[in-house]
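Shown below: work_23.tsv, with TSV, N, CA and C atoms.
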```
chain	number	residue	atom	x	y	z
A	1	MET	N	35.30	32.01	-1.38
A	1	MET	CA	34.11	32.38	-2.09
A	1	MET	C	32.97	32.49	-1.09
A	2	ALA	N	32.23	33.54	-1.16
A	2	ALA	CA	31.14	33.77	-0.22
A	2	ALA	C	29.95	32.91	-0.61
A	3	ALA	N	29.23	32.48	0.41
A	3	ALA	CA	28.04	31.67	0.14
A	3	ALA	C	26.97	32.55	-0.48
A	4	THR	N	26.34	32.03	-1.53
A	4	THR	CA	25.31	32.81	-2.21
A	4	THR	C	23.99	32.64	-1.47
A	5	SER	N	23.21	33.71	-1.45
A	5	SER	CA	21.90	33.60	-0.82
A	5	SER	C	20.95	32.87	-1.77
A	6	ASN	N	19.81	32.48	-1.25
A	6	ASN	CA	18.85	31.75	-2.07
A	6	ASN	C	18.38	32.56	-3.27
A	7	ASP	N	18.37	33.89	-3.13
A	7	ASP	CA	17.89	34.73	-4.22
A	7	ASP	C	18.93	34.90	-5.33
A	8	ASP	N	20.21	34.71	-5.01
A	8	ASP	CA	21.28	34.94	-5.98
A	8	ASP	C	21.71	33.68	-6.72
A	9	ARG	N	21.06	32.56	-6.50
A	9	ARG	CA	21.48	31.33	-7.18
A	9	ARG	C	21.06	31.38	-8.64
A	10	SER	N	21.92	30.82	-9.47
A	10	SER	CA	21.61	30.81	-10.90
A	10	SER	C	20.67	29.67	-11.23
A	11	LEU	N	20.16	29.69	-12.41
A	11	LEU	CA	19.25	28.64	-12.88
A	11	LEU	C	19.95	27.29	-12.86
A	12	PHE	N	21.22	27.27	-13.25
A	12	PHE	CA	21.96	26.02	-13.27
A	12	PHE	C	22.18	25.46	-11.86
A	13	GLN	N	22.38	26.34	-10.89
A	13	GLN	CA	22.53	25.89	-9.51
A	13	GLN	C	21.21	25.31	-9.01
A	14	LEU	N	20.11	25.98	-9.34
A	14	LEU	CA	18.80	25.48	-8.93
A	14	LEU	C	18.50	24.12	-9.56
A	15	ILE	N	18.82	23.97	-10.84
A	15	ILE	CA	18.61	22.69	-11.51
A	15	ILE	C	19.52	21.62	-10.91
A	16	GLY	N	20.74	22.00	-10.53
A	16	GLY	CA	21.65	21.04	-9.91
A	16	GLY	C	21.19	20.58	-8.55
A	17	GLU	N	20.47	21.45	-7.82
A	17	GLU	CA	19.97	21.10	-6.49
A	17	GLU	C	18.66	20.33	-6.56
A	18	LEU	N	18.02	20.34	-7.70
A	18	LEU	CA	16.70	19.71	-7.85
A	18	LEU	C	16.68	18.23	-7.49
A	19	PRO	N	17.63	17.41	-7.95
A	19	PRO	CA	17.57	15.99	-7.58
A	19	PRO	C	17.66	15.77	-6.06
A	20	ASP	N	18.51	16.51	-5.37
A	20	ASP	CA	18.61	16.37	-3.92
A	20	ASP	C	17.32	16.80	-3.23
A	21	THR	N	16.73	17.87	-3.72
A	21	THR	CA	15.48	18.36	-3.14
A	21	THR	C	14.36	17.34	-3.35
A	22	VAL	N	14.27	16.81	-4.55
A	22	VAL	CA	13.23	15.81	-4.84
A	22	VAL	C	13.47	14.55	-4.00
A	23	SER	N	14.71	14.12	-3.90
A	23	SER	CA	15.05	12.94	-3.11
A	23	SER	C	14.67	13.15	-1.64
A	24	THR	N	14.98	14.32	-1.09
A	24	THR	CA	14.64	14.62	0.29
A	24	THR	C	13.12	14.64	0.48
A	25	LEU	N	12.42	15.23	-0.47
A	25	LEU	CA	10.96	15.28	-0.40
A	25	LEU	C	10.36	13.88	-0.44
A	26	ILE	N	10.87	13.03	-1.31
A	26	ILE	CA	10.35	11.66	-1.42
A	26	ILE	C	10.62	10.88	-0.14
A	27	LYS	N	11.83	11.03	0.41
A	27	LYS	CA	12.16	10.34	1.67
A	27	LYS	C	11.24	10.81	2.80
A	28	ALA	N	10.97	12.11	2.85
A	28	ALA	CA	10.07	12.64	3.89
A	28	ALA	C	8.66	12.09	3.72
A	29	GLU	N	8.20	12.01	2.48
A	29	GLU	CA	6.86	11.45	2.22
A	29	GLU	C	6.79	9.98	2.63
A	30	ILE	N	7.83	9.22	2.31
A	30	ILE	CA	7.87	7.80	2.67
A	30	ILE	C	7.88	7.64	4.18
A	31	ASP	N	8.65	8.46	4.89
A	31	ASP	CA	8.68	8.40	6.35
A	31	ASP	C	7.31	8.74	6.94
A	32	GLN	N	6.63	9.72	6.34
A	32	GLN	CA	5.30	10.08	6.83
A	32	GLN	C	4.31	8.94	6.59
A	33	ILE	N	4.40	8.30	5.42
A	33	ILE	CA	3.51	7.17	5.12
A	33	ILE	C	3.76	6.03	6.10
A	34	LYS	N	5.04	5.75	6.39
A	34	LYS	CA	5.37	4.68	7.35
A	34	LYS	C	4.78	4.99	8.72
A	35	ALA	N	4.89	6.24	9.16
A	35	ALA	CA	4.35	6.62	10.47
A	35	ALA	C	2.83	6.49	10.49
A	36	GLU	N	2.17	6.92	9.42
A	36	GLU	CA	0.72	6.81	9.36
A	36	GLU	C	0.27	5.36	9.35
A	37	ILE	N	0.97	4.52	8.58
A	37	ILE	CA	0.59	3.11	8.50
A	37	ILE	C	0.79	2.42	9.85
A	38	SER	N	1.90	2.70	10.53
A	38	SER	CA	2.12	2.06	11.83
A	38	SER	C	1.07	2.53	12.84
A	39	TYR	N	0.67	3.80	12.77
A	39	TYR	CA	-0.38	4.32	13.65
A	39	TYR	C	-1.69	3.58	13.38
A	40	LYS	N	-2.04	3.44	12.10
A	40	LYS	CA	-3.29	2.77	11.75
A	40	LYS	C	-3.25	1.29	12.13
A	41	ILE	N	-2.13	0.62	11.88
A	41	ILE	CA	-2.01	-0.80	12.23
A	41	ILE	C	-2.16	-1.00	13.73
A	42	LYS	N	-1.55	-0.11	14.51
A	42	LYS	CA	-1.65	-0.20	15.97
A	42	LYS	C	-3.10	-0.12	16.40
A	43	HIS	N	-3.82	0.87	15.87
A	43	HIS	CA	-5.21	1.05	16.30
A	43	HIS	C	-6.13	-0.01	15.74
A	44	PHE	N	-5.86	-0.50	14.52
A	44	PHE	CA	-6.64	-1.63	14.00
A	44	PHE	C	-6.40	-2.87	14.86
A	45	GLY	N	-5.18	-3.08	15.30
A	45	GLY	CA	-4.87	-4.23	16.17
A	45	GLY	C	-5.61	-4.14	17.49
A	46	ILE	N	-5.59	-2.96	18.09
A	46	ILE	CA	-6.31	-2.78	19.37
A	46	ILE	C	-7.80	-2.99	19.15
A	47	GLY	N	-8.34	-2.41	18.09
A	47	GLY	CA	-9.77	-2.58	17.80
A	47	GLY	C	-10.13	-4.03	17.54
A	48	SER	N	-9.28	-4.74	16.81
A	48	SER	CA	-9.54	-6.16	16.54
A	48	SER	C	-9.52	-6.98	17.82
A	49	GLY	N	-8.58	-6.69	18.69
A	49	GLY	CA	-8.52	-7.39	19.97
A	49	GLY	C	-9.76	-7.16	20.80
A	50	LEU	N	-10.24	-5.92	20.80
A	50	LEU	CA	-11.46	-5.62	21.57
A	50	LEU	C	-12.68	-6.30	20.96
A	51	PHE	N	-12.75	-6.36	19.63
A	51	PHE	CA	-13.86	-7.08	18.99
A	51	PHE	C	-13.79	-8.57	19.31
A	52	ALA	N	-12.60	-9.14	19.35
A	52	ALA	CA	-12.46	-10.55	19.69
A	52	ALA	C	-12.91	-10.80	21.14
A	53	ALA	N	-12.53	-9.90	22.04
A	53	ALA	CA	-12.96	-10.05	23.43
A	53	ALA	C	-14.48	-9.94	23.54
A	54	ALA	N	-15.06	-9.01	22.78
A	54	ALA	CA	-16.52	-8.87	22.79
A	54	ALA	C	-17.19	-10.12	22.23
A	55	ALA	N	-16.58	-10.74	21.22
A	55	ALA	CA	-17.15	-11.97	20.64
A	55	ALA	C	-17.12	-13.11	21.66
A	56	VAL	N	-16.05	-13.21	22.44
A	56	VAL	CA	-15.97	-14.25	23.47
A	56	VAL	C	-17.06	-14.04	24.51
A	57	VAL	N	-17.24	-12.80	24.95
A	57	VAL	CA	-18.28	-12.51	25.94
A	57	VAL	C	-19.67	-12.77	25.33
A	58	ALA	N	-19.83	-12.47	24.04
A	58	ALA	CA	-21.11	-12.73	23.37
A	58	ALA	C	-21.43	-14.22	23.33
A	59	VAL	N	-20.42	-15.06	23.18
A	59	VAL	CA	-20.64	-16.51	23.19
A	59	VAL	C	-21.15	-16.95	24.56
A	60	PHE	N	-20.54	-16.42	25.62
A	60	PHE	CA	-21.02	-16.75	26.97
A	60	PHE	C	-22.44	-16.24	27.18
A	61	LEU	N	-22.75	-15.06	26.64
A	61	LEU	CA	-24.11	-14.53	26.73
A	61	LEU	C	-25.08	-15.45	26.02
A	62	LEU	N	-24.69	-15.95	24.86
A	62	LEU	CA	-25.56	-16.87	24.13
A	62	LEU	C	-25.85	-18.12	24.94
A	63	PHE	N	-24.81	-18.67	25.59
A	63	PHE	CA	-25.01	-19.85	26.43
A	63	PHE	C	-26.00	-19.58	27.56
A	64	THR	N	-25.85	-18.42	28.20
A	64	THR	CA	-26.76	-18.11	29.31
A	64	THR	C	-28.18	-17.88	28.80
A	65	LEU	N	-28.34	-17.27	27.62
A	65	LEU	CA	-29.69	-17.08	27.08
A	65	LEU	C	-30.34	-18.41	26.70
A	66	ILE	N	-29.55	-19.32	26.17
A	66	ILE	CA	-30.09	-20.64	25.85
A	66	ILE	C	-30.53	-21.36	27.13
A	67	THR	N	-29.69	-21.26	28.15
A	67	THR	CA	-30.05	-21.88	29.44
A	67	THR	C	-31.31	-21.25	30.00
A	68	ALA	N	-31.43	-19.92	29.90
A	68	ALA	CA	-32.63	-19.24	30.39
A	68	ALA	C	-33.87	-19.69	29.61
A	69	ALA	N	-33.73	-19.88	28.30
A	69	ALA	CA	-34.86	-20.36	27.50
A	69	ALA	C	-35.28	-21.75	27.93
A	70	ILE	N	-34.32	-22.61	28.21
A	70	ILE	CA	-34.64	-23.97	28.67
A	70	ILE	C	-35.36	-23.91	30.01
A	71	PHE	N	-34.84	-23.08	30.93
A	71	PHE	CA	-35.49	-22.96	32.25
A	71	PHE	C	-36.89	-22.38	32.13
A	72	ALA	N	-37.08	-21.42	31.23
A	72	ALA	CA	-38.40	-20.83	31.05
A	72	ALA	C	-39.39	-21.85	30.50
A	73	LEU	N	-38.94	-22.63	29.51
A	73	LEU	CA	-39.83	-23.66	28.97
A	73	LEU	C	-40.08	-24.78	29.97
A	74	ALA	N	-39.14	-25.00	30.88
A	74	ALA	CA	-39.30	-26.05	31.89
A	74	ALA	C	-40.43	-25.74	32.86
A	75	LEU	N	-40.87	-24.49	32.89
A	75	LEU	CA	-42.00	-24.13	33.73
A	75	LEU	C	-43.32	-24.65	33.18
A	76	VAL	N	-43.38	-24.88	31.85
A	76	VAL	CA	-44.64	-25.31	31.24
A	76	VAL	C	-44.56	-26.73	30.68
A	77	MET	N	-43.37	-27.33	30.67
A	77	MET	CA	-43.21	-28.70	30.17
A	77	MET	C	-42.06	-29.34	30.93
A	78	PRO	N	-41.90	-30.65	30.81
A	78	PRO	CA	-40.78	-31.29	31.49
A	78	PRO	C	-39.44	-30.72	31.02
A	79	ALA	N	-38.42	-30.73	31.88
A	79	ALA	CA	-37.12	-30.13	31.57
A	79	ALA	C	-36.49	-30.76	30.34
A	80	TRP	N	-36.61	-32.10	30.22
A	80	TRP	CA	-36.01	-32.75	29.06
A	80	TRP	C	-36.68	-32.29	27.77
A	81	ALA	N	-37.99	-32.08	27.78
A	81	ALA	CA	-38.70	-31.61	26.59
A	81	ALA	C	-38.32	-30.16	26.27
A	82	ALA	N	-38.12	-29.36	27.31
A	82	ALA	CA	-37.70	-27.98	27.09
A	82	ALA	C	-36.32	-27.93	26.43
A	83	ALA	N	-35.41	-28.79	26.92
A	83	ALA	CA	-34.06	-28.83	26.35
A	83	ALA	C	-34.12	-29.29	24.89
A	84	LEU	N	-34.94	-30.31	24.60
A	84	LEU	CA	-35.07	-30.79	23.22
A	84	LEU	C	-35.70	-29.73	22.31
A	85	THR	N	-36.67	-28.98	22.83
A	85	THR	CA	-37.31	-27.94	22.04
A	85	THR	C	-36.31	-26.84	21.67
A	86	VAL	N	-35.55	-26.39	22.66
A	86	VAL	CA	-34.55	-25.35	22.40
A	86	VAL	C	-33.48	-25.88	21.45
A	87	SER	N	-33.08	-27.13	21.62
A	87	SER	CA	-32.09	-27.72	20.71
A	87	SER	C	-32.63	-27.81	19.29
A	88	GLY	N	-33.88	-28.14	19.14
A	88	GLY	CA	-34.50	-28.21	17.81
A	88	GLY	C	-34.51	-26.85	17.13
A	89	VAL	N	-34.82	-25.81	17.88
A	89	VAL	CA	-34.80	-24.46	17.32
A	89	VAL	C	-33.38	-24.10	16.89
A	90	LEU	N	-32.39	-24.45	17.71
A	90	LEU	CA	-31.00	-24.18	17.36
A	90	LEU	C	-30.58	-24.94	16.10
A	91	VAL	N	-31.03	-26.18	15.96
A	91	VAL	CA	-30.71	-26.96	14.75
A	91	VAL	C	-31.32	-26.29	13.52
A	92	LEU	N	-32.54	-25.77	13.63
A	92	LEU	CA	-33.15	-25.06	12.50
A	92	LEU	C	-32.36	-23.81	12.14
A	93	ILE	N	-31.93	-23.06	13.14
A	93	ILE	CA	-31.14	-21.86	12.89
A	93	ILE	C	-29.83	-22.23	12.20
A	94	ILE	N	-29.17	-23.28	12.67
A	94	ILE	CA	-27.92	-23.73	12.06
A	94	ILE	C	-28.16	-24.15	10.61
A	95	ALA	N	-29.24	-24.87	10.35
A	95	ALA	CA	-29.52	-25.33	8.98
A	95	ALA	C	-29.74	-24.14	8.05
A	96	VAL	N	-30.47	-23.13	8.50
A	96	VAL	CA	-30.70	-21.95	7.67
A	96	VAL	C	-29.39	-21.21	7.40
A	97	LEU	N	-28.56	-21.05	8.43
A	97	LEU	CA	-27.28	-20.37	8.25
A	97	LEU	C	-26.35	-21.14	7.30
A	98	VAL	N	-26.33	-22.46	7.41
A	98	VAL	CA	-25.50	-23.27	6.51
A	98	VAL	C	-26.01	-23.14	5.07
A	99	TRP	N	-27.33	-23.17	4.89
A	99	TRP	CA	-27.90	-23.03	3.55
A	99	TRP	C	-27.53	-21.68	2.94
A	100	ILE	N	-27.64	-20.60	3.73
A	100	ILE	CA	-27.27	-19.27	3.24
A	100	ILE	C	-25.77	-19.22	2.92
A	101	GLY	N	-24.96	-19.86	3.77
A	101	GLY	CA	-23.52	-19.89	3.53
A	101	GLY	C	-23.17	-20.62	2.25
A	102	ILE	N	-23.80	-21.77	2.01
A	102	ILE	CA	-23.54	-22.54	0.79
A	102	ILE	C	-23.95	-21.73	-0.43
A	103	THR	N	-25.09	-21.04	-0.36
A	103	THR	CA	-25.54	-20.20	-1.47
A	103	THR	C	-24.52	-19.11	-1.77
A	104	ASN	N	-23.99	-18.49	-0.73
A	104	ASN	CA	-23.00	-17.43	-0.93
A	104	ASN	C	-21.69	-17.98	-1.48
A	105	PHE	N	-21.29	-19.16	-1.05
A	105	PHE	CA	-20.07	-19.77	-1.59
A	105	PHE	C	-20.24	-20.06	-3.08
A	106	LYS	N	-21.43	-20.54	-3.47
A	106	LYS	CA	-21.68	-20.81	-4.88
A	106	LYS	C	-21.62	-19.53	-5.70
A	107	ARG	N	-22.20	-18.45	-5.15
A	107	ARG	CA	-22.14	-17.17	-5.86
A	107	ARG	C	-20.71	-16.67	-5.96
A	108	GLY	N	-19.95	-16.84	-4.90
A	108	GLY	CA	-18.58	-16.36	-4.87
A	108	GLY	C	-17.63	-17.16	-5.74
A	109	SER	N	-18.01	-18.39	-6.08
A	109	SER	CA	-17.11	-19.23	-6.88
A	109	SER	C	-17.28	-19.01	-8.38
A	110	GLN	N	-18.25	-18.21	-8.77
A	110	GLN	CA	-18.44	-17.93	-10.19
A	110	GLN	C	-17.29	-17.05	-10.67
A	111	PRO	N	-16.84	-17.26	-11.92
A	111	PRO	CA	-15.72	-16.46	-12.43
A	111	PRO	C	-16.08	-14.98	-12.49
A	112	LEU	N	-15.08	-14.15	-12.26
A	112	LEU	CA	-15.29	-12.71	-12.31
A	112	LEU	C	-15.49	-12.26	-13.74
A	113	GLU	N	-16.45	-11.36	-13.95
A	113	GLU	CA	-16.71	-10.85	-15.29
A	113	GLU	C	-15.53	-10.05	-15.80
A	114	SER	N	-14.87	-9.32	-14.90
A	114	SER	CA	-13.75	-8.48	-15.34
A	114	SER	C	-12.59	-9.34	-15.83
A	115	VAL	N	-12.38	-10.51	-15.22
A	115	VAL	CA	-11.30	-11.39	-15.67
A	115	VAL	C	-11.63	-11.93	-17.06
A	116	GLU	N	-12.87	-12.34	-17.25
A	116	GLU	CA	-13.28	-12.85	-18.56
A	116	GLU	C	-13.19	-11.74	-19.61
A	117	SER	N	-13.58	-10.53	-19.24
A	117	SER	CA	-13.50	-9.41	-20.16
A	117	SER	C	-12.06	-9.09	-20.51
A	118	LEU	N	-11.17	-9.16	-19.53
A	118	LEU	CA	-9.75	-8.92	-19.78
A	118	LEU	C	-9.18	-9.98	-20.71
A	119	LYS	N	-9.56	-11.24	-20.52
A	119	LYS	CA	-9.10	-12.31	-21.41
A	119	LYS	C	-9.59	-12.06	-22.84
A	120	ALA	N	-10.85	-11.63	-22.98
A	120	ALA	CA	-11.39	-11.35	-24.31
A	120	ALA	C	-10.65	-10.17	-24.96
A	121	ASP	N	-10.32	-9.16	-24.16
A	121	ASP	CA	-9.58	-8.02	-24.70
A	121	ASP	C	-8.19	-8.43	-25.15
A	122	LEU	N	-7.53	-9.27	-24.36
A	122	LEU	CA	-6.20	-9.75	-24.74
A	122	LEU	C	-6.26	-10.59	-26.01
A	123	ASP	N	-7.30	-11.43	-26.11
A	123	ASP	CA	-7.47	-12.23	-27.32
A	123	ASP	C	-7.70	-11.32	-28.54
A	124	ALA	N	-8.47	-10.25	-28.35
A	124	ALA	CA	-8.73	-9.32	-29.45
A	124	ALA	C	-7.44	-8.61	-29.86
A	125	LEU	N	-6.60	-8.25	-28.89
A	125	LEU	CA	-5.33	-7.61	-29.23
A	125	LEU	C	-4.40	-8.56	-29.99
A	126	LYS	N	-4.45	-9.84	-29.61
A	126	LYS	CA	-3.62	-10.84	-30.29
A	126	LYS	C	-4.18	-11.22	-31.65
A	127	GLY	N	-5.47	-10.93	-31.85
A	127	GLY	CA	-6.10	-11.32	-33.10
A	127	GLY	C	-6.66	-12.72	-33.05
A	128	THR	N	-6.87	-13.24	-31.84
A	128	THR	CA	-7.44	-14.57	-31.68
A	128	THR	C	-8.75	-14.45	-30.90
A	129	GLY	N	-9.52	-15.48	-30.90
A	129	GLY	CA	-10.74	-15.50	-30.12
A	129	GLY	C	-11.93	-14.94	-30.87
A	130	ASP	N	-13.04	-14.86	-30.17
A	130	ASP	CA	-14.29	-14.40	-30.78
A	130	ASP	C	-14.43	-12.89	-30.62
A	131	TYR	N	-14.41	-12.19	-31.72
A	131	TYR	CA	-14.69	-10.76	-31.72
A	131	TYR	C	-15.13	-10.40	-33.12
A	132	ASP	N	-15.71	-9.25	-33.27
A	132	ASP	CA	-16.30	-8.84	-34.53
A	132	ASP	C	-15.19	-8.44	-35.51
A	133	ARG	N	-15.05	-9.18	-36.58
A	133	ARG	CA	-14.04	-8.87	-37.60
A	133	ARG	C	-14.74	-8.15	-38.75
A	134	HIS	N	-14.23	-6.98	-39.09
A	134	HIS	CA	-14.79	-6.22	-40.21
A	134	HIS	C	-13.81	-6.18	-41.35
```
What would you get if you wrote out this structure as structure tokens?
Amino acid sequence: MAATSNDDRSLFQLIGELPDTVSTLIKAEIDQIKAEISYKIKHFGIGSGLFAAAAVVAVFLLFTLITAAIFALALVMPAWAAALTVSGVLVLIIAVLVWIGITNFKRGSQPLESVESLKADLDALKGTGDYDRH
């Protein structure tokens, strides 16, 4: 039997080939998604590593700036007083940051409105809970 060309296939042959075609298409899409995800993960990893390295260097920069501030203040007051002054400013900055952090944690710990709304909807579907009965 001679092989039929693509134009000579019957409707039943086309329908019979459909599952294989769809399966091949889905496998190709999944392979493409895997390749894209691995590409993105690789670059996110590299970017994260570079940000971490920058953060380490920034910490060293902070130490040198604090030391420079102490040395600058030591020109107008005793060195021990300059160190205490800079330390006091740092304690104030830490206190403000902790206060802001605690405020944000309190805001974040409040229940989500969407969860409460979903519970109310489920109660209404079950016929229990507070809802308007007509």
* Structure fact -> atom CA of Phe60 of chain A sits from atom CA of Asn104 of chain A at a separation of 28.0 Å
* **Contacts of segment 66-76 of chain A within 8 Å, all atoms listed in the file, excl. fewer than 5 positions in-chain, as a ChimeraX atom specification** => /A:60-61,81-87
* Residues of chain A in helix (DSSP H, G or I) according to DSSP, as a PyMOL selection string? -> chain A and resi 6-8+11-73+79-108+113-126
